[in-house]
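Q: I'm passing along entry.cif; it holds mmCIF, C-alpha atoms.
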data_model
loop_
_atom_site.label_atom_id
_atom_site.label_comp_id
_atom_site.auth_asym_id
_atom_site.auth_seq_id
_atom_site.Cartn_x
_atom_site.Cartn_y
_atom_site.Cartn_z
CA MET A 1 73.02 59.37 -17.93
CA THR A 2 74.81 62.69 -18.05
CA ALA A 3 78.49 63.20 -18.70
CA ARG A 4 78.80 64.27 -15.07
CA THR A 5 77.33 61.00 -13.81
CA ALA A 6 79.63 58.98 -16.08
CA ALA A 7 82.63 60.94 -14.86
CA GLY A 8 81.54 60.25 -11.31
CA ILE A 9 81.37 56.50 -11.96
CA VAL A 10 84.82 56.50 -13.57
CA SER A 11 86.37 58.45 -10.70
CA LEU A 12 84.69 56.15 -8.17
CA VAL A 13 86.16 53.10 -9.92
CA ALA A 14 89.56 54.78 -9.97
CA GLY A 15 89.22 55.69 -6.30
CA ILE A 16 88.39 52.13 -5.31
CA GLY A 17 91.39 50.96 -7.31
CA LEU A 18 93.71 53.37 -5.54
CA ALA A 19 92.33 52.47 -2.14
CA GLY A 20 92.97 48.82 -2.97
CA CYS A 21 96.60 49.61 -3.75
CA SER A 22 97.22 51.09 -0.32
CA SER A 23 96.03 48.03 1.62
CA PHE A 24 99.06 46.63 3.43
CA TYR A 25 100.16 44.35 6.26
CA GLU A 26 103.37 44.83 8.17
CA ILE A 27 105.12 41.51 8.63
CA GLY A 28 108.27 40.55 10.48
CA VAL A 29 111.04 38.94 8.45
CA ASP A 30 114.06 36.99 9.63
CA ILE A 31 116.47 36.93 6.72
CA PRO A 32 119.26 34.34 6.57
CA ILE A 33 122.64 35.53 5.39
CA GLN A 34 125.04 32.74 4.43
CA ALA A 35 128.63 32.75 5.66
CA LYS A 36 131.03 33.93 2.96
CA ILE A 37 133.61 31.20 3.55
CA ASP A 38 133.41 27.68 4.93
CA VAL A 39 135.45 27.52 8.13
CA SER A 40 134.06 24.21 9.39
CA SER A 41 137.53 22.61 9.21
CA PHE A 42 138.98 25.10 11.71
CA GLN A 43 138.57 24.81 15.46
CA ARG A 44 140.65 27.85 16.32
CA VAL A 45 141.09 31.36 15.02
CA LEU A 46 144.09 33.64 15.42
CA VAL A 47 143.66 37.38 14.95
CA ALA A 48 147.32 37.98 14.17
CA GLY A 49 147.78 41.70 13.62
CA PHE A 50 147.30 44.41 11.01
CA LEU A 51 149.22 46.78 8.82
CA THR A 52 148.09 50.21 9.96
CA GLY A 53 148.35 53.72 8.64
CA GLY A 54 146.84 57.18 8.93
CA ALA A 55 146.18 59.03 12.17
CA LYS A 56 148.29 57.88 15.07
CA ALA A 57 145.81 59.11 17.63
CA ILE A 58 145.00 55.45 18.27
CA ASP A 59 146.96 52.23 18.05
CA ALA A 60 144.81 50.76 15.28
CA ASN A 61 146.73 47.47 15.24
CA THR A 62 146.14 46.65 18.90
CA GLU A 63 142.61 48.09 19.00
CA THR A 64 141.51 46.15 15.90
CA ALA A 65 142.99 42.89 17.14
CA ARG A 66 141.34 43.34 20.55
CA LEU A 67 137.98 44.27 19.06
CA LEU A 68 137.88 41.40 16.57
CA ARG A 69 138.99 38.89 19.19
CA SER A 70 136.26 39.96 21.56
CA GLN A 71 133.61 39.88 18.80
CA LEU A 72 134.72 36.46 17.59
CA ARG A 73 134.74 35.14 21.15
CA SER A 74 131.13 36.13 21.75
CA LYS A 75 129.59 35.64 18.32
CA GLN A 76 130.97 32.49 16.74
CA ASP A 77 132.04 28.99 17.69
CA MET A 78 135.78 28.79 17.03
CA ARG A 79 138.19 29.13 19.94
CA VAL A 80 139.95 32.48 19.82
CA ILE A 81 143.70 32.25 20.44
CA ASP A 82 145.20 34.75 22.88
CA SER A 83 148.62 35.84 21.73
CA ASP A 84 150.70 38.97 21.31
CA VAL A 85 149.54 41.12 18.43
CA LEU A 86 152.05 40.94 15.55
CA SER A 87 153.54 44.10 14.09
CA LEU A 88 153.39 43.25 10.39
CA ILE A 89 155.06 46.48 9.37
CA ASP A 90 158.09 45.60 11.46
CA GLU A 91 158.03 42.08 10.01
CA VAL A 92 158.09 43.36 6.42
CA ASP A 93 160.82 45.86 7.28
CA ARG A 94 162.83 43.07 8.89
CA GLN A 95 162.39 40.79 5.86
CA LYS A 96 163.57 43.58 3.58
CA GLY A 97 166.52 44.41 5.81
CA ARG A 98 165.18 47.89 6.50
CA PRO A 99 165.56 49.54 9.91
CA PRO A 100 162.47 49.17 12.11
CA SER A 101 159.62 51.66 11.55
CA THR A 102 159.94 55.17 12.87
CA THR A 103 158.68 55.67 16.38
CA PRO A 104 155.10 56.98 16.70
CA ASP A 105 156.20 60.35 18.08
CA SER A 106 158.51 61.14 15.21
CA ASP A 107 155.92 60.26 12.54
CA PRO A 108 152.58 61.70 13.66
CA ASN A 109 150.78 61.03 10.37
CA GLY A 110 151.65 57.37 10.12
CA LYS A 111 151.84 55.45 6.86
CA THR A 112 149.88 56.51 3.81
CA GLU A 113 147.69 54.25 1.71
CA ALA A 114 150.47 54.05 -0.89
CA ASP A 115 152.95 53.07 1.83
CA LEU A 116 150.67 50.29 2.98
CA GLU A 117 150.33 48.85 -0.50
CA SER A 118 154.02 48.16 -0.58
CA TYR A 119 153.65 46.20 2.66
CA GLU A 120 150.66 44.14 1.50
CA GLN A 121 152.89 41.57 -0.12
CA ILE A 122 153.02 39.94 3.29
CA PHE A 123 149.46 38.66 2.83
CA SER A 124 150.63 36.40 0.01
CA ASP A 125 153.75 35.22 1.84
CA THR A 126 152.58 31.63 2.35
CA ALA A 127 155.82 30.55 4.04
CA TYR A 128 155.46 33.24 6.70
CA TRP A 129 151.82 32.43 7.44
CA LYS A 130 152.46 28.69 7.43
CA LYS A 131 155.16 29.29 10.04
CA ILE A 132 152.79 31.39 12.17
CA GLY A 133 150.07 28.76 11.70
CA ALA A 134 152.42 25.97 12.81
CA GLU A 135 153.03 27.80 16.10
CA PHE A 136 149.30 27.63 16.86
CA GLN A 137 148.34 24.23 15.41
CA GLY A 138 147.00 25.47 12.07
CA PRO A 139 144.22 27.90 12.95
CA LEU A 140 142.29 30.19 10.68
CA ILE A 141 144.34 33.40 10.62
CA VAL A 142 142.72 36.82 10.43
CA THR A 143 144.93 39.69 9.38
CA GLY A 144 144.72 42.68 7.04
CA SER A 145 145.23 46.41 7.04
CA VAL A 146 143.53 49.38 8.67
CA MET A 147 143.76 52.95 7.40
CA PHE A 148 142.32 55.38 9.93
CA ASN A 149 142.42 58.99 8.77
CA GLU A 150 141.21 62.37 9.93
CA VAL A 151 138.95 63.99 7.34
CA GLN A 152 137.69 67.54 6.93
CA LYS A 153 134.89 68.61 4.66
CA SER A 154 132.85 71.74 4.07
CA GLY A 155 129.45 72.03 2.46
CA MET A 156 125.71 72.46 2.94
CA VAL A 157 124.18 70.42 5.74
CA SER A 158 120.57 70.18 6.98
CA ARG A 159 119.97 70.93 10.64
CA PRO A 160 116.73 71.09 12.61
CA THR A 161 116.28 74.73 13.64
CA SER A 162 113.77 76.09 16.12
CA VAL A 163 111.51 78.83 14.70
CA ALA A 164 108.35 80.56 15.95
CA ASN A 165 105.30 79.95 13.74
CA ASP A 166 102.44 82.39 13.01
CA GLN A 167 100.81 81.58 16.35
CA GLY A 168 104.05 82.20 18.20
CA MET A 169 104.52 78.48 18.89
CA GLU A 170 107.96 76.96 18.61
CA GLU A 171 108.44 74.45 15.81
CA PHE A 172 111.41 72.78 14.17
CA ARG A 173 112.31 73.12 10.53
CA SER A 174 115.14 71.64 8.53
CA VAL A 175 117.41 74.50 7.49
CA LYS A 176 120.38 74.12 5.17
CA THR A 177 123.50 75.92 6.29
CA TYR A 178 127.09 75.98 5.16
CA SER A 179 129.21 74.14 7.64
CA ASP A 180 132.75 72.96 8.27
CA MET A 181 132.80 69.31 9.27
CA LYS A 182 135.55 67.09 10.56
CA GLY A 183 135.75 63.49 11.51
CA TYR A 184 137.40 60.23 10.62
CA ALA A 185 137.41 57.69 7.82
CA ILE A 186 138.35 54.07 8.16
CA THR A 187 139.32 51.61 5.44
CA PRO A 188 139.81 48.17 6.94
CA LYS A 189 140.82 45.23 4.80
CA PHE A 190 140.34 41.82 6.35
CA VAL A 191 142.38 38.93 5.02
CA PHE A 192 141.59 35.33 5.99
CA ILE A 193 144.43 32.82 5.73
CA ASP A 194 144.53 29.06 6.16
CA GLY A 195 147.14 28.57 8.93
CA ARG A 196 147.83 24.99 7.75
CA THR A 197 148.95 26.02 4.26
CA GLY A 198 149.57 29.76 4.54
CA VAL A 199 147.24 30.31 1.60
CA GLN A 200 144.86 33.28 1.50
CA LEU A 201 141.21 32.15 1.55
CA PHE A 202 139.33 35.39 1.22
CA SER A 203 139.69 39.13 1.65
CA GLU A 204 137.30 42.01 1.84
CA THR A 205 137.72 45.78 2.02
CA TYR A 206 135.34 48.28 3.59
CA HIS A 207 135.19 52.04 3.84
CA GLU A 208 133.25 54.05 6.40
CA GLU A 209 133.29 57.72 7.32
CA THR A 210 131.82 59.82 10.09
CA LEU A 211 131.68 63.61 10.25
CA TYR A 212 130.82 66.06 13.02
CA PRO A 213 130.56 69.85 13.15
CA SER A 214 134.09 71.20 13.49
CA SER A 215 133.15 72.76 16.84
CA GLN A 216 132.44 69.31 18.28
CA ASN A 217 135.39 67.56 19.86
CA THR A 218 135.00 63.81 19.36
CA PRO A 219 137.84 61.56 20.54
CA ALA A 220 139.51 59.49 17.83
CA LEU A 221 138.90 56.27 19.76
CA SER A 222 135.12 56.93 19.93
CA SER A 223 135.04 57.51 16.19
CA TYR A 224 137.09 54.37 15.61
CA PHE A 225 134.55 52.24 17.52
CA GLU A 226 131.61 53.99 15.88
CA LEU A 227 133.03 53.21 12.43
CA MET A 228 134.05 49.64 13.25
CA ASP A 229 130.53 49.01 14.57
CA LYS A 230 129.26 49.47 11.03
CA VAL A 231 131.75 47.00 9.61
CA LEU A 232 131.56 44.26 12.24
CA PRO A 233 128.31 42.55 11.17
CA SER A 234 129.70 41.94 7.71
CA PHE A 235 133.07 40.84 9.12
CA LEU A 236 131.35 38.29 11.36
CA ASN A 237 129.16 37.19 8.48
CA THR A 238 132.32 36.11 6.63
CA LEU A 239 132.73 33.25 9.09
CA SER A 240 129.23 32.41 10.24
CA SER A 241 125.68 32.60 8.95
CA GLN A 242 123.60 35.34 10.44
CA ARG A 243 119.97 36.32 10.53
CA ILE A 244 118.77 39.86 10.08
CA ARG A 245 115.43 40.77 11.59
CA GLY A 246 113.25 43.48 10.11
CA THR A 247 109.81 44.29 8.79
CA ARG A 248 108.34 44.52 5.31
CA MET A 249 104.99 45.61 3.91
CA LEU A 250 102.90 42.89 2.32
CA LEU A 251 100.43 44.40 -0.13
CA LYS A 252 96.96 43.36 -1.18
CA MET X 1 77.61 62.39 -23.71
CA ARG X 2 77.96 59.91 -26.56
CA MET X 3 81.70 59.70 -25.93
CA TRP X 4 81.14 58.77 -22.26
CA VAL X 5 78.72 56.04 -23.23
CA ILE X 6 81.30 54.59 -25.64
CA VAL X 7 84.00 54.75 -22.95
CA LEU X 8 81.77 52.97 -20.44
CA LEU X 9 80.78 50.32 -22.99
CA LEU X 10 84.44 49.69 -23.82
CA LEU X 11 85.29 49.47 -20.12
CA GLY X 12 82.37 47.11 -19.62
CA ALA X 13 83.43 44.87 -22.50
CA ALA X 14 87.07 44.69 -21.53
CA SER X 15 86.85 44.52 -17.77
CA PRO X 16 85.21 41.10 -17.07
CA ALA X 17 88.22 39.08 -18.31
CA TYR X 18 90.64 41.44 -16.53
CA ALA X 19 88.50 41.49 -13.41
CA ASP X 20 88.30 37.68 -13.34
CA ARG X 21 92.04 37.41 -13.72
CA ARG X 22 92.69 39.98 -11.00
CA THR X 23 90.12 38.32 -8.71
CA ASP X 24 91.77 34.92 -9.13
CA ALA X 25 95.21 36.45 -8.57
CA LYS X 26 93.92 38.34 -5.53
CA ASP X 27 92.57 35.11 -4.03
CA GLN X 28 96.01 33.56 -4.34
CA LEU X 29 97.67 36.67 -2.98
CA GLU X 30 95.40 36.89 0.06
CA PHE X 31 95.85 33.22 0.87
CA GLY X 32 99.60 33.79 0.59
CA ILE X 33 99.37 36.63 3.12
CA THR X 34 97.39 34.43 5.51
CA VAL X 35 99.96 31.63 5.43
CA ALA X 36 102.92 34.03 5.54
CA GLU X 37 101.51 35.46 8.76
CA ARG X 38 101.68 31.92 10.15
CA GLY X 39 105.29 31.57 9.07
CA LEU X 40 104.57 29.23 6.15
CA TRP X 41 106.74 31.13 3.70
CA LYS X 42 107.20 28.36 1.11
CA GLU X 43 103.44 28.00 0.75
CA ALA X 44 103.11 31.78 0.59
CA ILE X 45 105.70 31.95 -2.18
CA TYR X 46 103.86 29.23 -4.10
CA ARG X 47 100.64 31.29 -3.87
CA TRP X 48 102.29 34.54 -4.93
CA GLU X 49 104.03 32.80 -7.83
CA LYS X 50 100.58 31.63 -8.89
CA ALA X 51 99.25 35.17 -8.54
CA VAL X 52 101.87 36.69 -10.83
CA GLU X 53 101.44 33.83 -13.27
CA ILE X 54 97.71 34.62 -13.48
CA ASP X 55 98.21 38.37 -13.57
CA PRO X 56 101.77 39.49 -14.38
CA SER X 57 100.76 43.14 -13.97
CA TYR X 58 99.90 42.66 -10.28
CA GLY X 59 102.48 44.81 -8.51
CA ALA X 60 101.40 43.79 -5.00
CA ALA X 61 101.94 40.11 -5.84
CA TRP X 62 105.44 40.79 -7.19
CA ASN X 63 106.20 42.82 -4.05
CA ASN X 64 105.03 40.01 -1.75
CA LEU X 65 106.99 37.50 -3.79
CA GLY X 66 110.10 39.66 -3.29
CA ILE X 67 109.54 39.59 0.47
CA GLY X 68 109.03 35.82 0.42
CA TYR X 69 112.22 35.17 -1.54
CA GLU X 70 114.11 37.52 0.77
CA GLN X 71 112.86 35.62 3.81
CA LEU X 72 114.22 32.39 2.33
CA GLY X 73 117.58 33.96 1.41
CA ARG X 74 116.90 33.77 -2.35
CA PHE X 75 118.31 37.24 -2.93
CA ASP X 76 118.67 37.24 -6.71
CA ASP X 77 115.07 36.07 -7.09
CA ALA X 78 113.98 38.71 -4.57
CA ARG X 79 115.74 41.46 -6.50
CA ARG X 80 114.05 40.42 -9.74
CA ALA X 81 110.63 40.27 -8.07
CA TYR X 82 110.98 43.69 -6.42
CA GLU X 83 112.23 45.24 -9.64
CA LYS X 84 109.28 43.76 -11.53
CA ALA X 85 106.95 45.14 -8.83
CA MET X 86 108.42 48.62 -9.33
CA GLU X 87 108.17 48.27 -13.09
CA VAL X 88 104.43 47.48 -13.01
CA ASP X 89 103.63 49.80 -10.10
CA PRO X 90 106.27 52.55 -10.23
CA ASP X 91 104.53 55.02 -7.91
CA ASN X 92 103.96 52.66 -5.01
CA SER X 93 106.00 53.94 -2.06
CA TYR X 94 105.57 50.71 -0.05
CA ILE X 95 107.26 48.71 -2.79
CA ARG X 96 110.05 51.27 -3.06
CA ASN X 97 110.54 51.21 0.70
CA ASN X 98 110.66 47.38 0.81
CA TYR X 99 113.14 47.43 -2.06
CA ASP X 100 115.38 49.99 -0.34
CA LEU X 101 115.47 47.86 2.83
CA PHE X 102 116.21 44.78 0.78
CA ARG X 103 119.02 46.53 -1.11
CA GLU X 104 120.80 47.32 2.16
CA ILE X 105 121.09 43.59 2.80
CA TYR X 106 121.66 42.62 -0.82
CA ASP X 107 124.44 45.15 -1.31
CA ARG X 108 126.09 44.09 1.91
CA GLN X 109 126.11 40.51 0.70
CA ASN X 110 127.60 41.57 -2.60
CA ARG X 111 129.97 44.19 -1.22
CA ARG X 112 133.30 44.54 -2.91
CA ARG X 113 135.29 41.34 -2.53
CA ASP X 114 138.89 41.24 -3.47
CA ARG X 115 138.85 37.55 -3.82
#
Could you quickly redo this structure as structure tokens?

A:
Amino acid sequence: MTARTAAGIVSLVAGIGLAGCSSFYEIGVDIPIQAKIDVSSFQRVLVAGFLTGGAKAIDANTETARLLRSQLRSKQDMRVIDSDVLSLIDEVDRQKGRPPSTTPDSDPNGKTEADLESYEQIFSDTAYWKKIGAEFQGPLIVTGSVMFNEVQKSGMVSRPTSVANDQGMEEFRSVKTYSDMKGYAITPKFVFIDGRTGVQLFSETYHEETLYPSSQNTPALSSYFELMDKVLPSFLNTLSSQRIRGTRMLLK
Amino acid sequence: MRMWVIVLLLLGAASPAYADRRTDAKDQLEFGITVAERGLWKEAIYRWEKAVEIDPSYGAAWNNLGIGYEQLGRFDDARRAYEKAMEVDPDNSYIRNNYDLFREIYDRQNRRRDR
């Protein structure tokens, strides 16, 4: 046997090994995600209202309450209570003897994150939430805060660009260019309160951002829904188990 | 020439035990795939656990075990299995891809909680 033959045998063995590694089967999976809190003792849910800050291009309090109510109505079993959306900022101001919040027109930038922090004490005001709960026969109360801000960023972004190849045919290549981007960021915090006791059960904070080329004019409300879409599955998963469908590669 | 003969002899001496182990593990792994395709995930997991017990360096078996645990909602076990799969077979893009998909779900489950 020559060295060449031996090398051939070794490379053949290695080749078979590698081929074996790439043998795969795509299989569907249906993954169970457990609910984050047990809400089996509640028959009703009240989406009360939210502390809001940032861009005033949308009424984040009303929009968030409406969106969560409609999602809860269609995707879980508790009865969703229809009621006026509370203005928690006004409530805190009232409790502290401050004049009501400035009108939207006079304060186009809304409250800052630091402002909102000083209002968050309301989430641990058990007496207040117990009182609200008593009005609606002790439901699960959903409240929280929503910061919705305009953002602007500049940097290198990849874009598909049409170029002519050697044969004169059009093809697309990813080309990095410097670009000014603008968009919105949302930081919703959801707080779940037991309406029978006023005690906070659970809270969770998210952050999502979406950017577009600065030449593109995207309405704030569209961006708000686009961003909330990313957060909603996890919000719903707080109250009810969910299943996520997907595929994985089984290997031989 | 002499060196090649020695290499082949060494390979020949060492490979039967390894080959037997891998063959046994592969039998378990393949049976696991067959039952997983019929939706019998607990049985599949049992087979893949056997496979990694027989041959702990079998990346495919660890990968499949990760998928099985994920399917049953055993996320911490799934993470350990996928990470072991990547440790023993670091260049396998299928394992990396499965792991990335898993992490999306795992991280969402373990997203920042204030309370």

Q: For the structure provided, state which residues fall under the PyMOL selection byres ((chain A) within 7 of (chain X)), and present them as a list in words.

A: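 Listing what the PyMOL selection byres ((chain A) within 7 of (chain X)) selects in the shown file: Thr2, Ala3, Ala6, Val29, Asp30, Ile31, Pro32, Ile33, Phe202, Ser203, Glu204, Thr205, Arg248, Met249, Leu250, Leu251 and Lys252 of chain A.
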
Q: Determine, counting only C-alpha atoms, which protein, DNA and RNA residues have an atom within 8 Å of an atom of A:Ser158; residues of the same chain fewer than 2 positions away are not included. Present the result as an mmCIF file with C-alpha atoms, in the coordinates of the input.

A:
data_model
loop_
_atom_site.group_PDB
_atom_site.id
_atom_site.type_symbol
_atom_site.label_atom_id
_atom_site.label_comp_id
_atom_site.auth_asym_id
_atom_site.auth_seq_id
_atom_site.Cartn_x
_atom_site.Cartn_y
_atom_site.Cartn_z
ATOM 1 C CA MET A 156 125.710 72.460 2.940
ATOM 2 C CA PRO A 160 116.730 71.090 12.610
ATOM 3 C CA SER A 174 115.140 71.640 8.530
ATOM 4 C CA VAL A 175 117.410 74.500 7.490
ATOM 5 C CA LYS A 176 120.380 74.120 5.170
ATOM 6 C CA THR A 177 123.500 75.920 6.290
#

Q: Step by step, work through what the PyMOL selection byres ((chain A and resi 36-41) around 6) selects in the shown file, and finish by giving those residues as an NGL selection string.

A: :A and (35 or 42 or 238-239)

Q: Kindly indicate which residue among A:Tyr184, A:Thr247, A:Val191, A:Thr161 lies nearest to A:Glu226, using only C-alpha atoms for the distances.

A: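 Ranked by minimum distance to A:Glu226, first place goes to A:Tyr184.
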
Q: Give me, please, the distance in Å between atom CA of A:Gln216 and atom CA of A:Thr52, quoted to one decimal.

A: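 Atom CA of A:Thr52 lies 26.1 Å from atom CA of A:Gln216.
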
Q: Need a file for stretch 26-117 of chain A from that block: C-alpha atoms, written as a compact mmCIF listing (two decimals), in the first residue's frame.

A:
# COMPACT_ATOMS: atom_id res chain seq x y z
CA GLU A 26 -36.94 18.76 9.86
CA ILE A 27 -39.58 18.21 12.52
CA GLY A 28 -42.44 20.38 13.73
CA VAL A 29 -42.44 21.33 17.39
CA ASP A 30 -45.26 22.71 19.51
CA ILE A 31 -43.64 24.19 22.58
CA PRO A 32 -45.68 24.82 25.74
CA ILE A 33 -45.02 28.05 27.59
CA GLN A 34 -46.42 28.15 31.12
CA ALA A 35 -48.38 31.16 32.36
CA LYS A 36 -46.25 33.40 34.56
CA ILE A 37 -48.90 33.88 37.25
CA ASP A 38 -51.84 31.81 38.41
CA VAL A 39 -55.04 33.74 37.74
CA SER A 40 -57.44 30.83 38.20
CA SER A 41 -59.11 32.60 41.15
CA PHE A 42 -60.16 35.56 39.00
CA GLN A 43 -63.19 35.56 36.73
CA ARG A 44 -62.80 39.14 35.57
CA VAL A 45 -60.00 41.41 34.49
CA LEU A 46 -59.91 45.20 34.55
CA VAL A 47 -57.40 47.04 32.38
CA ALA A 48 -57.45 50.18 34.49
CA GLY A 49 -55.14 52.70 32.85
CA PHE A 50 -51.47 53.60 32.52
CA LEU A 51 -48.97 56.24 33.46
CA THR A 52 -47.72 57.55 30.14
CA GLY A 53 -44.85 59.68 28.97
CA GLY A 54 -42.80 60.60 25.93
CA ALA A 55 -44.21 61.61 22.56
CA LYS A 56 -47.71 62.98 22.69
CA ALA A 57 -48.41 62.10 19.08
CA ILE A 58 -50.67 59.35 20.44
CA ASP A 59 -52.77 58.94 23.55
CA ALA A 60 -50.76 55.99 24.88
CA ASN A 61 -53.03 55.54 27.90
CA THR A 62 -56.23 55.07 25.91
CA GLU A 63 -54.56 53.15 23.06
CA THR A 64 -52.84 50.72 25.43
CA ALA A 65 -55.99 50.10 27.44
CA ARG A 66 -58.01 49.51 24.27
CA LEU A 67 -55.40 47.22 22.75
CA LEU A 68 -54.94 45.09 25.86
CA ARG A 69 -58.68 44.81 26.42
CA SER A 70 -59.25 43.62 22.89
CA GLN A 71 -56.36 41.11 23.11
CA LEU A 72 -57.54 39.78 26.46
CA ARG A 73 -61.10 39.47 25.16
CA SER A 74 -60.05 37.30 22.23
CA LYS A 75 -57.17 35.33 23.70
CA GLN A 76 -57.98 34.33 27.26
CA ASP A 77 -60.92 33.20 29.36
CA MET A 78 -61.53 35.95 31.92
CA ARG A 79 -64.32 38.44 31.32
CA VAL A 80 -62.90 41.82 30.38
CA ILE A 81 -64.55 44.74 32.20
CA ASP A 82 -65.56 47.74 30.10
CA SER A 83 -64.99 50.94 32.01
CA ASP A 84 -63.54 54.40 31.53
CA VAL A 85 -59.76 54.39 31.33
CA LEU A 86 -58.25 55.87 34.51
CA SER A 87 -55.80 58.75 34.31
CA LEU A 88 -53.27 57.63 36.92
CA ILE A 89 -51.17 60.75 36.52
CA ASP A 90 -54.15 62.89 37.47
CA GLU A 91 -54.87 60.55 40.38
CA VAL A 92 -51.33 60.89 41.77
CA ASP A 93 -51.42 64.65 41.28
CA ARG A 94 -54.76 64.78 43.08
CA GLN A 95 -53.45 62.67 45.98
CA LYS A 96 -50.45 64.97 46.32
CA GLY A 97 -52.59 68.09 46.14
CA ARG A 98 -50.90 69.20 42.92
CA PRO A 99 -52.83 70.95 40.15
CA PRO A 100 -53.94 68.57 37.37
CA SER A 101 -51.37 67.74 34.66
CA THR A 102 -50.61 70.26 31.98
CA THR A 103 -52.80 70.04 28.92
CA PRO A 104 -51.36 68.04 25.99
CA ASP A 105 -50.95 71.11 23.78
CA SER A 106 -48.87 73.02 26.28
CA ASP A 107 -46.51 70.09 26.96
CA PRO A 108 -45.71 68.46 23.60
CA ASN A 109 -42.95 66.21 24.96
CA GLY A 110 -44.96 64.67 27.75
CA LYS A 111 -43.46 63.23 30.92
CA THR A 112 -39.92 61.91 31.01
CA GLU A 113 -38.86 58.55 32.40
CA ALA A 114 -37.66 60.28 35.57
CA ASP A 115 -41.04 62.02 35.90
CA LEU A 116 -42.83 58.71 35.62
CA GLU A 117 -40.73 57.11 38.34
